Every structure is written in C-alpha cells, then in structure tokens.
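Student: So I've got this file, final_0.cif, and it contains mmCIF, C-alpha atoms:
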data_final
loop_
_atom_site.group_PDB
_atom_site.id
_atom_site.type_symbol
_atom_site.label_atom_id
_atom_site.label_comp_id
_atom_site.auth_asym_id
_atom_site.auth_seq_id
_atom_site.Cartn_x
_atom_site.Cartn_y
_atom_site.Cartn_z
ATOM 1 C CA MET S 1 -70.420 47.152 37.109
ATOM 2 C CA LYS S 2 -72.195 44.271 38.809
ATOM 3 C CA LYS S 3 -70.225 41.045 38.588
ATOM 4 C CA MET S 4 -71.798 37.871 37.246
ATOM 5 C CA LYS S 5 -72.030 34.916 39.649
ATOM 6 C CA LYS S 6 -70.402 31.730 38.343
ATOM 7 C CA LYS S 7 -69.011 28.427 39.510
ATOM 8 C CA LEU S 8 -65.370 28.384 38.422
ATOM 9 C CA ASN S 9 -63.369 25.389 37.209
ATOM 10 C CA PHE S 10 -59.686 25.799 36.342
ATOM 11 C CA ASP S 11 -58.198 22.545 35.087
ATOM 12 C CA ILE S 12 -54.574 23.226 36.022
ATOM 13 C CA CYS S 13 -53.097 19.916 34.833
ATOM 14 C CA THR S 14 -54.037 17.527 32.051
ATOM 15 C CA PHE S 15 -51.119 15.156 32.544
ATOM 16 C CA CYS S 16 -52.065 11.978 34.408
ATOM 17 C CA ASN S 17 -50.222 9.144 36.107
ATOM 18 C CA HIS S 18 -53.062 6.659 35.468
ATOM 19 C CA LYS S 19 -54.617 5.367 32.240
ATOM 20 C CA CYS S 20 -58.155 4.497 33.334
ATOM 21 C CA SER S 21 -60.076 2.312 30.904
ATOM 22 C CA PHE S 22 -63.143 4.599 30.857
ATOM 23 C CA CYS S 23 -61.238 7.891 30.419
ATOM 24 C CA SER S 24 -60.030 9.713 27.295
ATOM 25 C CA ASN S 25 -56.968 11.219 28.975
ATOM 26 C CA SER S 26 -54.579 8.602 27.617
ATOM 27 C CA ASP S 27 -55.718 9.263 24.032
ATOM 28 C CA GLU S 28 -52.960 11.052 22.103
ATOM 29 C CA ARG S 29 -55.468 13.738 21.043
ATOM 30 C CA THR S 30 -55.809 14.977 24.626
ATOM 31 C CA ILE S 31 -53.770 18.164 24.981
ATOM 32 C CA LYS S 32 -51.277 17.914 27.846
ATOM 33 C CA TYR S 33 -50.311 21.044 29.779
ATOM 34 C CA GLN S 34 -49.560 22.241 33.322
ATOM 35 C CA THR S 35 -50.689 25.708 34.361
ATOM 36 C CA THR S 36 -47.901 27.716 35.967
ATOM 37 C CA LEU S 37 -48.478 29.855 39.035
ATOM 38 C CA ASP S 38 -47.885 32.988 36.967
ATOM 39 C CA GLU S 39 -50.429 31.896 34.339
ATOM 40 C CA PHE S 40 -52.952 31.025 37.039
ATOM 41 C CA ARG S 41 -52.641 34.437 38.647
ATOM 42 C CA ARG S 42 -52.901 36.295 35.334
ATOM 43 C CA VAL S 43 -56.002 34.394 34.265
ATOM 44 C CA MET S 44 -57.678 34.782 37.646
ATOM 45 C CA ARG S 45 -57.051 38.540 37.689
ATOM 46 C CA ASN S 46 -58.632 38.764 34.253
ATOM 47 C CA VAL S 47 -61.714 36.686 35.100
ATOM 48 C CA LEU S 48 -62.370 38.022 38.592
ATOM 49 C CA GLN S 49 -62.679 41.571 37.302
ATOM 50 C CA TYR S 50 -66.087 40.482 36.024
ATOM 51 C CA VAL S 51 -66.959 37.283 37.884
ATOM 52 C CA GLU S 52 -67.842 36.595 41.495
ATOM 53 C CA THR S 53 -67.344 33.046 42.748
ATOM 54 C CA ASP S 54 -67.499 31.224 46.075
ATOM 55 C CA GLU S 55 -65.807 28.058 44.888
ATOM 56 C CA LEU S 56 -63.008 26.928 42.650
ATOM 57 C CA GLY S 57 -62.362 23.469 41.259
ATOM 58 C CA LEU S 58 -58.760 22.825 40.206
ATOM 59 C CA SER S 59 -59.021 19.440 38.486
ATOM 60 C CA ALA S 60 -60.869 17.789 35.631
ATOM 61 C CA LYS S 61 -59.172 15.902 32.788
ATOM 62 C CA GLY S 62 -55.857 14.956 34.443
ATOM 63 C CA GLU S 63 -54.207 14.356 37.804
ATOM 64 C CA VAL S 64 -53.886 17.724 39.530
ATOM 65 C CA LEU S 65 -51.099 16.619 41.875
ATOM 66 C CA VAL S 66 -48.768 16.140 38.899
ATOM 67 C CA ASN S 67 -48.658 19.953 38.646
ATOM 68 C CA LYS S 68 -45.441 20.955 40.410
ATOM 69 C CA GLU S 69 -46.856 24.331 41.467
ATOM 70 C CA PHE S 70 -50.153 22.966 42.778
ATOM 71 C CA THR S 71 -49.568 23.985 46.379
ATOM 72 C CA GLU S 72 -48.671 27.559 45.459
ATOM 73 C CA ILE S 73 -51.674 27.777 43.160
ATOM 74 C CA VAL S 74 -53.940 26.743 46.042
ATOM 75 C CA ARG S 75 -52.299 29.298 48.314
ATOM 76 C CA SER S 76 -52.729 32.020 45.702
ATOM 77 C CA ALA S 77 -56.400 31.133 45.203
ATOM 78 C CA LYS S 78 -57.041 31.335 48.928
ATOM 79 C CA GLU S 79 -54.847 34.255 50.010
ATOM 80 C CA GLU S 80 -54.596 36.448 46.906
ATOM 81 C CA PHE S 81 -58.047 35.883 45.430
ATOM 82 C CA GLY S 82 -60.030 35.041 48.556
ATOM 83 C CA ILE S 83 -61.757 31.942 47.202
ATOM 84 C CA GLY S 84 -63.881 30.514 49.993
ATOM 85 C CA TYR S 85 -63.996 26.881 48.911
ATOM 86 C CA ILE S 86 -61.269 25.180 46.881
ATOM 87 C CA TYR S 87 -61.651 21.546 45.882
ATOM 88 C CA ILE S 88 -60.030 18.833 43.801
ATOM 89 C CA SER S 89 -60.676 15.326 42.541
ATOM 90 C CA SER S 90 -57.630 13.053 42.457
ATOM 91 C CA ASN S 91 -56.744 9.419 41.933
ATOM 92 C CA GLY S 92 -54.889 9.836 45.230
ATOM 93 C CA ALA S 93 -51.673 8.015 44.368
ATOM 94 C CA LEU S 94 -49.514 11.113 44.976
ATOM 95 C CA MET S 95 -51.330 12.334 48.098
ATOM 96 C CA ASP S 96 -49.011 11.010 50.792
ATOM 97 C CA GLU S 97 -49.024 12.530 54.290
ATOM 98 C CA ALA S 98 -46.410 15.197 53.569
ATOM 99 C CA LYS S 99 -48.253 16.396 50.441
ATOM 100 C CA ALA S 100 -51.614 16.257 52.235
ATOM 101 C CA VAL S 101 -50.440 18.470 55.095
ATOM 102 C CA GLU S 102 -48.781 20.856 52.641
ATOM 103 C CA VAL S 103 -51.886 21.405 50.513
ATOM 104 C CA ILE S 104 -54.318 21.553 53.438
ATOM 105 C CA GLU S 105 -52.147 24.184 55.122
ATOM 106 C CA ALA S 106 -52.088 26.099 51.814
ATOM 107 C CA GLY S 107 -55.879 26.340 51.893
ATOM 108 C CA LEU S 108 -57.351 23.297 50.134
ATOM 109 C CA ASP S 109 -60.842 22.747 51.553
ATOM 110 C CA SER S 110 -61.994 19.534 49.918
ATOM 111 C CA ILE S 111 -60.397 16.388 48.473
ATOM 112 C CA LYS S 112 -62.184 13.676 46.545
ATOM 113 C CA PHE S 113 -60.474 10.409 45.648
ATOM 114 C CA SER S 114 -61.685 8.589 42.550
ATOM 115 C CA ILE S 115 -61.339 4.906 43.431
ATOM 116 C CA ASN S 116 -62.842 2.692 40.764
ATOM 117 C CA ALA S 117 -62.403 -0.763 42.265
ATOM 118 C CA LEU S 118 -62.583 -2.437 45.658
ATOM 119 C CA SER S 119 -59.669 -4.842 45.248
ATOM 120 C CA ARG S 120 -56.091 -4.595 44.060
ATOM 121 C CA GLU S 121 -56.697 -6.868 41.077
ATOM 122 C CA ALA S 122 -59.809 -5.040 39.874
ATOM 123 C CA TYR S 123 -58.149 -1.670 40.440
ATOM 124 C CA LYS S 124 -55.194 -2.589 38.248
ATOM 125 C CA GLU S 125 -57.597 -3.686 35.517
ATOM 126 C CA VAL S 126 -59.447 -0.345 35.540
ATOM 127 C CA HIS S 127 -56.687 2.159 36.398
ATOM 128 C CA LYS S 128 -53.964 0.265 34.487
ATOM 129 C CA VAL S 129 -51.506 0.791 37.375
ATOM 130 C CA ASP S 130 -50.890 -1.156 40.581
ATOM 131 C CA ASP S 131 -51.587 1.720 42.998
ATOM 132 C CA PHE S 132 -54.532 0.327 44.975
ATOM 133 C CA ASP S 133 -52.723 -0.272 48.274
ATOM 134 C CA LYS S 134 -51.003 3.118 48.056
ATOM 135 C CA VAL S 135 -54.263 4.955 47.345
ATOM 136 C CA ILE S 136 -56.153 3.253 50.178
ATOM 137 C CA ALA S 137 -53.281 4.037 52.573
ATOM 138 C CA ASN S 138 -53.238 7.672 51.454
ATOM 139 C CA PHE S 139 -56.975 8.078 52.029
ATOM 140 C CA LYS S 140 -56.654 6.470 55.466
ATOM 141 C CA THR S 141 -53.996 9.094 56.206
ATOM 142 C CA LEU S 142 -56.393 11.862 55.154
ATOM 143 C CA LEU S 143 -59.074 10.456 57.461
ATOM 144 C CA LYS S 144 -56.542 10.383 60.306
ATOM 145 C CA LEU S 145 -55.512 13.981 59.623
ATOM 146 C CA LYS S 146 -59.143 15.071 59.573
ATOM 147 C CA LYS S 147 -59.843 13.332 62.858
ATOM 148 C CA GLU S 148 -56.751 14.599 64.655
ATOM 149 C CA LYS S 149 -55.952 18.030 63.180
ATOM 150 C CA TYR S 150 -58.185 19.280 60.346
ATOM 151 C CA PRO S 151 -61.852 18.667 61.257
ATOM 152 C CA GLN S 152 -62.954 21.266 58.687
ATOM 153 C CA LEU S 153 -61.474 19.261 55.798
ATOM 154 C CA LYS S 154 -64.096 17.787 53.472
ATOM 155 C CA LEU S 155 -63.320 14.275 52.211
ATOM 156 C CA PHE S 156 -65.214 12.460 49.473
ATOM 157 C CA LEU S 157 -64.999 9.253 47.477
ATOM 158 C CA SER S 158 -66.313 8.599 43.979
ATOM 159 C CA SER S 159 -66.443 5.572 41.731
ATOM 160 C CA VAL S 160 -67.836 4.271 38.441
ATOM 161 C CA ILE S 161 -68.021 0.661 39.697
ATOM 162 C CA ASP S 162 -70.969 -1.301 38.336
ATOM 163 C CA MET S 163 -72.802 -1.904 41.623
ATOM 164 C CA SER S 164 -75.454 -0.290 43.791
ATOM 165 C CA GLN S 165 -74.838 2.709 46.036
ATOM 166 C CA GLU S 166 -75.367 0.513 49.077
ATOM 167 C CA GLU S 167 -72.842 -2.072 47.870
ATOM 168 C CA LEU S 168 -70.282 0.633 47.121
ATOM 169 C CA GLU S 169 -70.626 2.223 50.540
ATOM 170 C CA GLU S 170 -70.381 -1.145 52.238
ATOM 171 C CA GLY S 171 -67.239 -1.948 50.260
ATOM 172 C CA PHE S 172 -65.601 1.325 51.265
ATOM 173 C CA ARG S 173 -66.701 0.819 54.877
ATOM 174 C CA GLU S 174 -64.853 -2.485 54.917
ATOM 175 C CA LEU S 175 -61.732 -0.802 53.535
ATOM 176 C CA PHE S 176 -61.716 2.192 55.909
ATOM 177 C CA GLY S 177 -63.250 0.735 59.052
ATOM 178 C CA LYS S 178 -64.651 2.994 61.750
ATOM 179 C CA ASP S 179 -63.146 6.086 60.131
ATOM 180 C CA PHE S 180 -65.586 5.628 57.218
ATOM 181 C CA ASP S 181 -68.001 7.810 59.180
ATOM 182 C CA LEU S 182 -65.608 10.758 58.757
ATOM 183 C CA ILE S 183 -66.213 10.712 54.983
ATOM 184 C CA ASP S 184 -68.471 13.543 53.830
ATOM 185 C CA GLY S 185 -69.928 11.737 50.847
ATOM 186 C CA VAL S 186 -69.649 8.738 48.534
ATOM 187 C CA SER S 187 -70.733 9.202 44.916
ATOM 188 C CA LEU S 188 -71.517 6.445 42.466
ATOM 189 C CA TYR S 189 -71.341 7.812 38.928
ATOM 190 C CA ALA S 190 -72.693 6.290 35.760
ATOM 191 C CA LEU S 191 -70.301 6.513 32.838
ATOM 192 C CA THR S 192 -70.940 9.800 31.084
ATOM 193 C CA TYR S 193 -69.805 10.968 27.697
ATOM 194 C CA THR S 194 -66.122 10.972 26.901
ATOM 195 C CA PRO S 195 -64.756 11.195 23.342
ATOM 196 C CA LYS S 196 -63.343 7.667 23.387
ATOM 197 C CA PHE S 197 -66.932 6.384 23.058
ATOM 198 C CA GLU S 198 -68.714 6.413 19.718
ATOM 199 C CA VAL S 199 -72.132 8.031 19.931
ATOM 200 C CA ASP S 200 -74.939 8.309 17.374
ATOM 201 C CA SER S 201 -75.128 12.099 17.282
ATOM 202 C CA THR S 202 -77.936 12.160 14.708
ATOM 203 C CA LYS S 203 -80.399 11.634 17.553
ATOM 204 C CA GLN S 204 -82.014 14.394 19.528
ATOM 205 C CA PRO S 205 -80.327 15.202 22.872
ATOM 206 C CA SER S 206 -82.138 13.783 25.888
ATOM 207 C CA ALA S 207 -81.054 16.248 28.590
ATOM 208 C CA LYS S 208 -80.512 19.906 29.386
ATOM 209 C CA CYS S 209 -77.163 21.351 30.463
ATOM 210 C CA SER S 210 -76.637 24.380 32.698
ATOM 211 C CA ILE S 211 -72.857 24.610 32.274
ATOM 212 C CA PRO S 212 -72.776 27.350 29.574
ATOM 213 C CA PHE S 213 -74.907 29.561 31.828
ATOM 214 C CA ARG S 214 -73.781 28.849 35.394
ATOM 215 C CA GLU S 215 -70.160 27.730 35.134
ATOM 216 C CA LEU S 216 -66.865 28.736 33.575
ATOM 217 C CA TYR S 217 -64.348 26.124 32.496
ATOM 218 C CA ILE S 218 -60.745 27.235 32.024
ATOM 219 C CA ASN S 219 -58.316 24.922 30.273
ATOM 220 C CA SER S 220 -54.825 24.301 31.617
ATOM 221 C CA ASP S 221 -53.304 26.507 28.894
ATOM 222 C CA GLY S 222 -55.414 29.470 30.034
ATOM 223 C CA THR S 223 -58.007 29.285 27.274
ATOM 224 C CA LEU S 224 -61.718 29.435 28.003
ATOM 225 C CA GLY S 225 -63.300 26.117 27.113
ATOM 226 C CA LEU S 226 -66.772 24.719 27.559
ATOM 227 C CA CYS S 227 -66.554 21.795 29.970
ATOM 228 C CA CYS S 228 -64.497 18.859 31.237
ATOM 229 C CA LYS S 229 -65.879 16.501 28.582
ATOM 230 C CA ASP S 230 -63.944 18.297 25.848
ATOM 231 C CA TYR S 231 -60.730 16.265 26.026
ATOM 232 C CA PHE S 232 -59.771 17.019 22.423
ATOM 233 C CA ASP S 233 -60.348 20.793 22.545
ATOM 234 C CA GLU S 234 -63.273 20.789 20.109
ATOM 235 C CA VAL S 235 -64.783 23.956 21.631
ATOM 236 C CA ASN S 236 -62.305 26.697 22.519
ATOM 237 C CA PHE S 237 -63.280 30.352 22.896
ATOM 238 C CA GLY S 238 -59.789 31.874 23.132
ATOM 239 C CA SER S 239 -56.927 32.688 25.482
ATOM 240 C CA LEU S 240 -57.592 34.451 28.774
ATOM 241 C CA LEU S 241 -53.878 35.255 28.871
ATOM 242 C CA GLU S 242 -54.198 37.323 25.702
ATOM 243 C CA ASN S 243 -57.806 38.547 25.641
ATOM 244 C CA ASP S 244 -60.128 40.359 28.030
ATOM 245 C CA PHE S 245 -62.574 37.929 29.619
ATOM 246 C CA MET S 246 -65.673 39.874 28.585
ATOM 247 C CA ASP S 247 -64.549 39.960 24.963
ATOM 248 C CA ILE S 248 -64.426 36.153 25.005
ATOM 249 C CA TYR S 249 -67.601 35.693 27.020
ATOM 250 C CA ASN S 250 -69.545 37.940 24.664
ATOM 251 C CA SER S 251 -67.954 36.509 21.525
ATOM 252 C CA LYS S 252 -70.052 35.163 18.694
ATOM 253 C CA ALA S 253 -68.849 31.613 19.371
ATOM 254 C CA PHE S 254 -69.880 31.630 23.033
ATOM 255 C CA LYS S 255 -73.223 33.269 22.238
ATOM 256 C CA GLU S 256 -73.889 30.566 19.660
ATOM 257 C CA ILE S 257 -73.222 27.822 22.212
ATOM 258 C CA ARG S 258 -75.635 29.381 24.694
ATOM 259 C CA ALA S 259 -78.274 29.748 21.971
ATOM 260 C CA MET S 260 -77.855 26.076 21.025
ATOM 261 C CA HIS S 261 -78.465 25.023 24.618
ATOM 262 C CA LYS S 262 -81.485 27.257 25.045
ATOM 263 C CA LYS S 263 -83.088 25.702 21.957
ATOM 264 C CA SER S 264 -81.617 22.194 22.450
ATOM 265 C CA GLU S 265 -80.579 22.290 18.807
ATOM 266 C CA PHE S 266 -77.054 21.232 17.822
ATOM 267 C CA PRO S 267 -75.301 20.352 14.578
ATOM 268 C CA ASN S 268 -74.775 16.633 14.050
ATOM 269 C CA GLY S 269 -71.427 15.595 15.489
ATOM 270 C CA HIS S 270 -71.265 18.544 17.893
ATOM 271 C CA LEU S 271 -69.610 17.808 21.238
ATOM 272 C CA CYS S 272 -72.646 18.938 23.242
ATOM 273 C CA LYS S 273 -75.110 16.873 21.252
ATOM 274 C CA LYS S 274 -73.020 13.731 21.699
ATOM 275 C CA CYS S 275 -72.729 14.368 25.433
ATOM 276 C CA LEU S 276 -76.391 15.140 26.054
ATOM 277 C CA LEU S 277 -77.683 11.974 24.418
ATOM 278 C CA PHE S 278 -75.143 9.676 26.048
ATOM 279 C CA ASP S 279 -76.927 7.439 28.549
ATOM 280 C CA GLY S 280 -74.021 5.635 30.202
ATOM 281 C CA GLY S 281 -75.064 2.361 28.672
ATOM 282 C CA MET S 282 -71.775 1.471 27.004
#
Could you quickly redo this structure as structure tokens?

Tutor:
Amino acid sequence: MKKMKKKLNFDICTFCNHKCSFCSNSDERTIKYQTTLDEFRRVMRNVLQYVETDELGLSAKGEVLVNKEFTEIVRSAKEEFGIGYIYISSNGALMDEAKAVEVIEAGLDSIKFSINALSREAYKEVHKVDDFDKVIANFKTLLKLKKEKYPQLKLFLSSVIDMSQEELEEGFRELFGKDFDLIDGVSLYALTYTPKFEVDSTKQPSAKCSIPFRELYINSDGTLGLCCKDYFDEVNFGSLLENDFMDIYNSKAFKEIRAMHKKSEFPNGHLCKKCLLFDGGM
C-alpha cells in the first residue's frame, strides 16, 4: 500500500507557563494534557503505517517544554521513527543552556521563540509574566550554541507585535546584536482566529484552507483533531490510541470536513467558518 504524504503536527503539551493576552490557552475550556513517551510512540506507530512525513511539529496550543518527557519524545521521533526535521515553537522561558543542549543532542532541528514585545514592560503586559530578560538571555544562548557548536540548528523568531516587518527586525537586531545574522527567519504574524474572539460566523468565509488535505493534527491526548485553532476540542475524530488511523481518516466525520472545505460551505457557528472569515482586525 502506498503511503499518503502529510505534514505531521503532534501537540504534545497543552499546559502553558504564560497567559498571553491574545491566546485562548488560559481559558478554562482549553483541555490540558501532556503526552507521555509511551503514548507518543503508540500513536506514531499507528499513523506511520499509512503516512509518510519529512517533518514533525511538536507544539501548538501550549508550552512544549513543560512536558517532562519532551527530550525523550524528540529522541524517539528522530531515532525510532526517522523523522528528518523536528521543530517546535516556544515562549523560551524554560530553554536554558542545559535544556537547549539536551534537546539539540536528542535530535531537535529547529527552535522558534515567540517573543511578543521588545521591552520588559510591554512583554509583561502581553505575556502576563515577567520573563522578558530570561527569554532574551535564553535566545542569546541558543545563538551562541549555534555559532560555536551546532551550525545546523535552525533558529527563528515570531511575534504578533503591531508594527512593520522592518521595525520588528530592527528591534530584534538591537536586542541580539551581531548574532542577529545567525537567525534563520523572523515572522510577523497578524492575529488569527482563536476562540476567545467573537466572530460573526453568519458571513461567508473569505479564505481557503489546505490543512484537512495536507496536514494531520494530533492532540496531546492522542486523538486526531483538525488544527491548532481548536482550543476547546470542537472537532475531534477519535483516539489514535484506541482506533486504527485509517478508520478515523476515512470516517464520516473527517470526510464531511473535507467536503465542507472543498465547497467552502460550513454550518453557521462551525469552527472552520469562524476561522476562515477572521481577518485579524480585532
């Protein structure tokens, strides 16, 4: 049987040590769970019988470094399952030098820090914790490690700051000095849909989404979900710990989602419709 080619996202931790003002993680409706190494391996064996992937994301709705078995999960993904490119997005507060060396040696290929302010005061206002100095120091350590020992390591920064791309890059250049040139990319994101925002879902969606066709999103509890916007588990196709992947992938529920996206027709109030018409203007 020919395997299907997919981008794979396994959100192994939905607990978070920050409470960012733009994020739904701190809402009590967000399900909190940490994937264990055993659960990770069981789910991956199930999925990879049918799916071929070159890359694996291990973070989405929480802070991945809170997961106590993160390092072993990375090592399993690299050594047991042969994933070529493993990446995470993190707020960076827990990525001190010891942890950085540990996870890089385990096989982590790419680290992105989400830094949503350029000063300590503004950072505390957005992230709701006073971790700015720690996060900047941790990213400087990563740049030093890349320069001195791990040149293959990919390092990225992202932010939802309300400024231009040029202003953001200049701000980060001031923070990181000459080592800024070691950064592989800086992304400025507009605010996208998250359930904490109210959206008029009676409108017609204004965009197309490829996620149901090109990607697989696995929740921290081992269920197959739809995407990282679904903080409150509105769309859940079933447990990959209890069911064969193909049974879930070919289920009526998943087929209906794909049909909705092909036609761009969604019931009012549906998660996808709310997301696709959200314009970041809130």

Student: Could you list the residues chosen by the PyMOL selection byres ((chain S and resi 94) around 9) in this structure as a PyMOL selection string?

Tutor: chain S and resi 65-66+90-93+95-96+99+134-135+138

Student: Applying 9 Å and all atoms listed in the file, which residues near segment 224-240 of chain S remain after dropping the ones on its own chain fewer than 4 positions away? List them as a PyMOL selection string.

Tutor: chain S and resi 9+11+24-25+27+29-31+42-44+46-47+60-61+192-195+211-212+215-219+244-245+248-249+251+253-254+257+270-272+275

Student: Rank S:Glu28, S:Asp38, S:Asp184, S:Asp130 by their smallest atom-to-atom distance to Glu72 of chain S, using all atoms listed in the file, and report the top residue only.

Tutor: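 Looking at the shortest contact to Glu72 of chain S, the residue is S:Asp38.
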
Student: I would like the residues chosen by the PyMOL selection byres ((chain S and resi 48) around 12) on the shown file; could you give them as a PDB file with C-alpha atoms, in the frame of the given file?

Tutor:
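Okay, expr_29.pdb is ready:
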ATOM      1  CA  LYS S   2     -72.195  44.271  38.809  1.00  0.00           C
ATOM      2  CA  LYS S   3     -70.225  41.045  38.588  1.00  0.00           C
ATOM      3  CA  MET S   4     -71.798  37.871  37.246  1.00  0.00           C
ATOM      4  CA  LYS S   5     -72.030  34.916  39.649  1.00  0.00           C
ATOM      5  CA  LYS S   6     -70.402  31.730  38.343  1.00  0.00           C
ATOM      6  CA  LYS S   7     -69.011  28.427  39.510  1.00  0.00           C
ATOM      7  CA  LEU S   8     -65.370  28.384  38.422  1.00  0.00           C
ATOM      8  CA  PHE S  40     -52.952  31.025  37.039  1.00  0.00           C
ATOM      9  CA  ARG S  41     -52.641  34.437  38.647  1.00  0.00           C
ATOM     10  CA  ARG S  42     -52.901  36.295  35.334  1.00  0.00           C
ATOM     11  CA  VAL S  43     -56.002  34.394  34.265  1.00  0.00           C
ATOM     12  CA  MET S  44     -57.678  34.782  37.646  1.00  0.00           C
ATOM     13  CA  ARG S  45     -57.051  38.540  37.689  1.00  0.00           C
ATOM     14  CA  ASN S  46     -58.632  38.764  34.253  1.00  0.00           C
ATOM     15  CA  VAL S  47     -61.714  36.686  35.100  1.00  0.00           C
ATOM     16  CA  GLN S  49     -62.679  41.571  37.302  1.00  0.00           C
ATOM     17  CA  TYR S  50     -66.087  40.482  36.024  1.00  0.00           C
ATOM     18  CA  VAL S  51     -66.959  37.283  37.884  1.00  0.00           C
ATOM     19  CA  GLU S  52     -67.842  36.595  41.495  1.00  0.00           C
ATOM     20  CA  THR S  53     -67.344  33.046  42.748  1.00  0.00           C
ATOM     21  CA  ASP S  54     -67.499  31.224  46.075  1.00  0.00           C
ATOM     22  CA  LEU S  56     -63.008  26.928  42.650  1.00  0.00           C
ATOM     23  CA  ALA S  77     -56.400  31.133  45.203  1.00  0.00           C
ATOM     24  CA  GLU S  80     -54.596  36.448  46.906  1.00  0.00           C
ATOM     25  CA  PHE S  81     -58.047  35.883  45.430  1.00  0.00           C
ATOM     26  CA  GLY S  82     -60.030  35.041  48.556  1.00  0.00           C
ATOM     27  CA  ILE S  83     -61.757  31.942  47.202  1.00  0.00           C
ATOM     28  CA  LEU S 216     -66.865  28.736  33.575  1.00  0.00           C
ATOM     29  CA  LEU S 240     -57.592  34.451  28.774  1.00  0.00           C
ATOM     30  CA  ASP S 244     -60.128  40.359  28.030  1.00  0.00           C
ATOM     31  CA  PHE S 245     -62.574  37.929  29.619  1.00  0.00           C
ATOM     32  CA  MET S 246     -65.673  39.874  28.585  1.00  0.00           C
TER      33      MET S 246
END

Student: May I ask which of the residues S:Asp181, S:Glu125, S:Phe70, S:Glu97 is the closest one to Leu145 of chain S, counting all atoms listed in the file?

Tutor: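 Checking each candidate against Leu145 of chain S, we get S:Glu97 as the closest.
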